[in-house]
Amino acid sequence: MKKRLMCILLSVVLVMGVFSIAYADETIPDNAGNITEQGDKKEENEPTVQPGEQAKETAIPSVEATSEQTEQPVVPAEEPVKGPEQMTVPAEPVQDNTANGIAAEALEQLDDSLIAPFAAGDETTLRNDIASAAPGGVVEISNNITITVTPLTVNKNLTFRSTGGTVQLLVAGNIRHMDASMGITLTFEGVELVGNAPADGGGISTTGTGTITLNGASIKNCQATQGGGIATTGGAVFNNSTLTGNIATTGDGGGAYVLGATIISGSTISQNTATAGDGGGIYSAGTF
């Protein structure tokens with residue numbers, strides 16, 4: 001009898017324990033101490049989460065969230081490849097390797113050396129500039145200058161140029177302004193040769209085939225036995241220049257005695273005299 005009672009009590013205790021465990025599983029106290037029933041009271045539309053899926057959702061952000069937080073790089077559309085007829089190729093500068101191109105480049109580099117470093121304002125400086133100038137160079141004259149004792153001697157091609165306005169080369173005594181070696185070419189720009197001399201070429205005397213060129217220059221009041229202003233066995237060119245008041249006392253060419261070609265353009269030839277010869281203005285034995 002006692003054994004049966006003990007078994008019944010044990011059975012009751014076991015049943016009570018099972019019900020207690022089941023009830024505990026269905027009720028969870030919240031933070032406020034309230035009991036919330038679980039299990040069948042979940043919302044019908046709430047998806048069932050399998051074990052492990054919640055961790056996946058937390059660890060891997062959704063595609064939508066990622067696209068909102070990360071700005072995708074914009075890839076520019078590729079431009080169509082131009083055909084040969086559409087392509088523009090910049091032109092390369094053409095280098096002139098010809099003899100003329102090389103000569104022109106060399107001349108530009110020599111420009112500074114062709115001009116005397118200082119403009120001559122007196123006879124001594126003028127003579128020094130003539131001696132030091134490079135062949136084909138320029139001798140600049142800034143003031144009127146009087147030549148004394150002996151003519152200026154020139155043995156190279158030179159240009160005599162005024163630095164501004166008109167400058168005069170005068171002579172003191174019976175000498176000419178300039179003696180030039182055979183075949184020398186001389187050019188005068190903005191310079192007036194004024195004076196007197198007893199021999200050939202009152203202003204300038206040259207021999208050979210060189211050329212005397214006046215560009216905006218003048219030869220005035222010069223006197224010689226032949227070629228009162230100029231006596232040359234070469235040629236003479238007068239551009240916008242003047243020959244006036246020159247005299248050949250016994251020979252030809254009061255203004256100029258020229259055995260080579262003579263070219264005159266925009267110039268004045270006036271009041272020149274060949275007292276006993278031909279060509280009061282110009283005596284030209286060559287092409288005129």
# chains A, B, ... in the order shown; residues from 1 in each chain; ligands from 1
>>> residues_around(residues="Ile269 (chain A)", least_positions_apart="2", cutoff="7 Å", atoms="only C-alpha atoms", output="list in words")
Thr242, Leu243, Thr244, Ser267 and Gly281 of chain A
>>> closest_residue(among="A:Gly195, A:Gly245, A:Gly251, A:Gly201", to="Ala231 (chain A)", atoms="only C-alpha atoms")
A:Gly201
>>> select_by_dssp(residues="region 196-279 of chain A", states="strand (DSSP E)", output="ChimeraX atom specification")
/A:204-206,211-215,218-220,223-224,230-232,235-239,242-244,247-248,256-258,262-265,268-270,273-274
>>> write_last_selection(atoms="N, CA and C atoms", output="compact mmCIF listing (two decimals), in the first residue's frame")
# COMPACT_ATOMS: atom_id res chain seq x y z
N ILE A 204 83.42 110.24 -105.08
CA ILE A 204 83.82 108.84 -104.91
C ILE A 204 84.52 108.37 -106.17
N SER A 205 85.61 107.65 -105.99
CA SER A 205 86.32 107.05 -107.12
C SER A 205 86.50 105.57 -106.85
N THR A 206 86.03 104.73 -107.78
CA THR A 206 86.20 103.29 -107.67
C THR A 206 86.69 102.72 -108.99
N THR A 211 79.83 98.27 -107.63
CA THR A 211 78.70 99.16 -107.88
C THR A 211 78.58 100.17 -106.76
N ILE A 212 78.31 101.42 -107.16
CA ILE A 212 78.02 102.46 -106.18
C ILE A 212 76.51 102.69 -106.20
N THR A 213 75.87 102.58 -105.01
CA THR A 213 74.41 102.71 -104.92
C THR A 213 74.07 103.84 -103.95
N LEU A 214 73.20 104.73 -104.43
CA LEU A 214 72.68 105.80 -103.57
C LEU A 214 71.21 105.50 -103.31
N ASN A 215 70.84 105.27 -102.04
CA ASN A 215 69.45 105.08 -101.62
C ASN A 215 69.07 106.25 -100.72
N SER A 218 72.76 111.76 -101.51
CA SER A 218 73.06 112.87 -102.44
C SER A 218 74.56 113.05 -102.60
N ILE A 219 74.94 113.52 -103.78
CA ILE A 219 76.31 114.00 -104.01
C ILE A 219 76.17 115.40 -104.60
N LYS A 220 76.71 116.38 -103.88
CA LYS A 220 76.50 117.79 -104.23
C LYS A 220 77.82 118.55 -104.31
N GLN A 223 83.81 118.38 -107.44
CA GLN A 223 84.51 118.78 -108.68
C GLN A 223 85.71 117.87 -108.91
N ALA A 224 85.91 117.50 -110.18
CA ALA A 224 87.06 116.66 -110.54
C ALA A 224 87.32 116.82 -112.03
N ILE A 230 80.93 111.24 -109.22
CA ILE A 230 81.33 109.83 -109.14
C ILE A 230 82.13 109.47 -110.38
N ALA A 231 83.21 108.74 -110.17
CA ALA A 231 83.96 108.15 -111.28
C ALA A 231 84.15 106.67 -110.97
N THR A 232 83.54 105.81 -111.81
CA THR A 232 83.64 104.38 -111.55
C THR A 232 83.72 103.59 -112.85
N GLY A 235 79.39 99.84 -112.00
CA GLY A 235 78.05 100.35 -112.24
C GLY A 235 77.63 101.35 -111.18
N ALA A 236 76.49 102.01 -111.46
CA ALA A 236 75.94 102.99 -110.51
C ALA A 236 74.43 102.86 -110.49
N VAL A 237 73.85 102.96 -109.26
CA VAL A 237 72.40 102.87 -109.06
C VAL A 237 71.97 104.08 -108.23
N PHE A 238 70.93 104.80 -108.72
CA PHE A 238 70.41 105.97 -108.00
C PHE A 238 68.93 105.73 -107.71
N ASN A 239 68.60 105.55 -106.44
CA ASN A 239 67.20 105.37 -106.01
C ASN A 239 66.81 106.52 -105.10
N THR A 242 69.92 112.28 -105.30
CA THR A 242 70.16 113.54 -106.01
C THR A 242 71.62 113.68 -106.40
N LEU A 243 71.87 114.09 -107.67
CA LEU A 243 73.19 114.53 -108.14
C LEU A 243 73.01 115.96 -108.61
N THR A 244 73.64 116.89 -107.93
CA THR A 244 73.44 118.29 -108.30
C THR A 244 74.69 119.14 -108.03
N ILE A 247 80.87 119.13 -111.12
CA ILE A 247 81.55 119.61 -112.33
C ILE A 247 82.70 118.68 -112.71
N ALA A 248 82.77 118.35 -114.03
CA ALA A 248 83.94 117.68 -114.61
C ALA A 248 84.71 118.76 -115.37
N ALA A 256 78.30 112.17 -113.01
CA ALA A 256 78.86 110.83 -112.80
C ALA A 256 79.46 110.31 -114.10
N TYR A 257 80.59 109.64 -113.96
CA TYR A 257 81.25 108.97 -115.09
C TYR A 257 81.16 107.47 -114.78
N VAL A 258 80.40 106.74 -115.61
CA VAL A 258 80.10 105.33 -115.32
C VAL A 258 80.40 104.49 -116.55
N THR A 262 74.10 101.75 -115.66
CA THR A 262 73.57 102.84 -114.85
C THR A 262 72.06 102.66 -114.72
N ILE A 263 71.55 102.73 -113.47
CA ILE A 263 70.11 102.61 -113.22
C ILE A 263 69.68 103.80 -112.39
N ILE A 264 68.63 104.50 -112.86
CA ILE A 264 68.13 105.68 -112.15
C ILE A 264 66.64 105.50 -111.90
N SER A 265 66.19 105.71 -110.65
CA SER A 265 64.79 105.58 -110.31
C SER A 265 64.42 106.63 -109.27
N THR A 268 66.89 112.85 -108.91
CA THR A 268 67.05 114.15 -109.57
C THR A 268 68.50 114.33 -109.99
N ILE A 269 68.69 114.61 -111.30
CA ILE A 269 70.03 114.91 -111.84
C ILE A 269 69.94 116.35 -112.37
N SER A 270 70.60 117.29 -111.69
CA SER A 270 70.41 118.69 -112.08
C SER A 270 71.68 119.51 -111.86
N THR A 273 77.85 119.79 -114.69
CA THR A 273 78.51 120.34 -115.87
C THR A 273 79.74 119.54 -116.25
N ALA A 274 79.86 119.25 -117.56
CA ALA A 274 81.11 118.70 -118.11
C ALA A 274 81.69 119.82 -118.98
>>> residues_around(residues="region 252-254 of chain A", least_positions_apart="4", cutoff="7 Å", atoms="only C-alpha atoms", output="count of residues only")
17
>>> select_by_dssp(residues="region 86-278 of chain A", states="helix (DSSP H, G or I)", output="list in words")
Ala99, Asn100, Gly101, Ile102, Ala103, Ala104, Glu105, Ala106, Leu107, Glu108, Gln109, Leu110, Asp111, Asp112, Ser113, Leu114, Glu123, Thr124, Thr125, Leu126, Arg127, Asn128, Asp129, Ile130, Ala131 and Ser132 of chain A
>>> residues_around(residues="region 148-156 of chain A", least_positions_apart="3", cutoff="7 Å", atoms="only C-alpha atoms", output="number ranges by chain")
A: 127, 135, 171-172, 175-181, 184
>>> closest_residue(among="A:Ala261, A:Ser142, A:Thr125, A:Thr225", to="Thr275 (chain A)", atoms="only C-alpha atoms")
A:Thr225
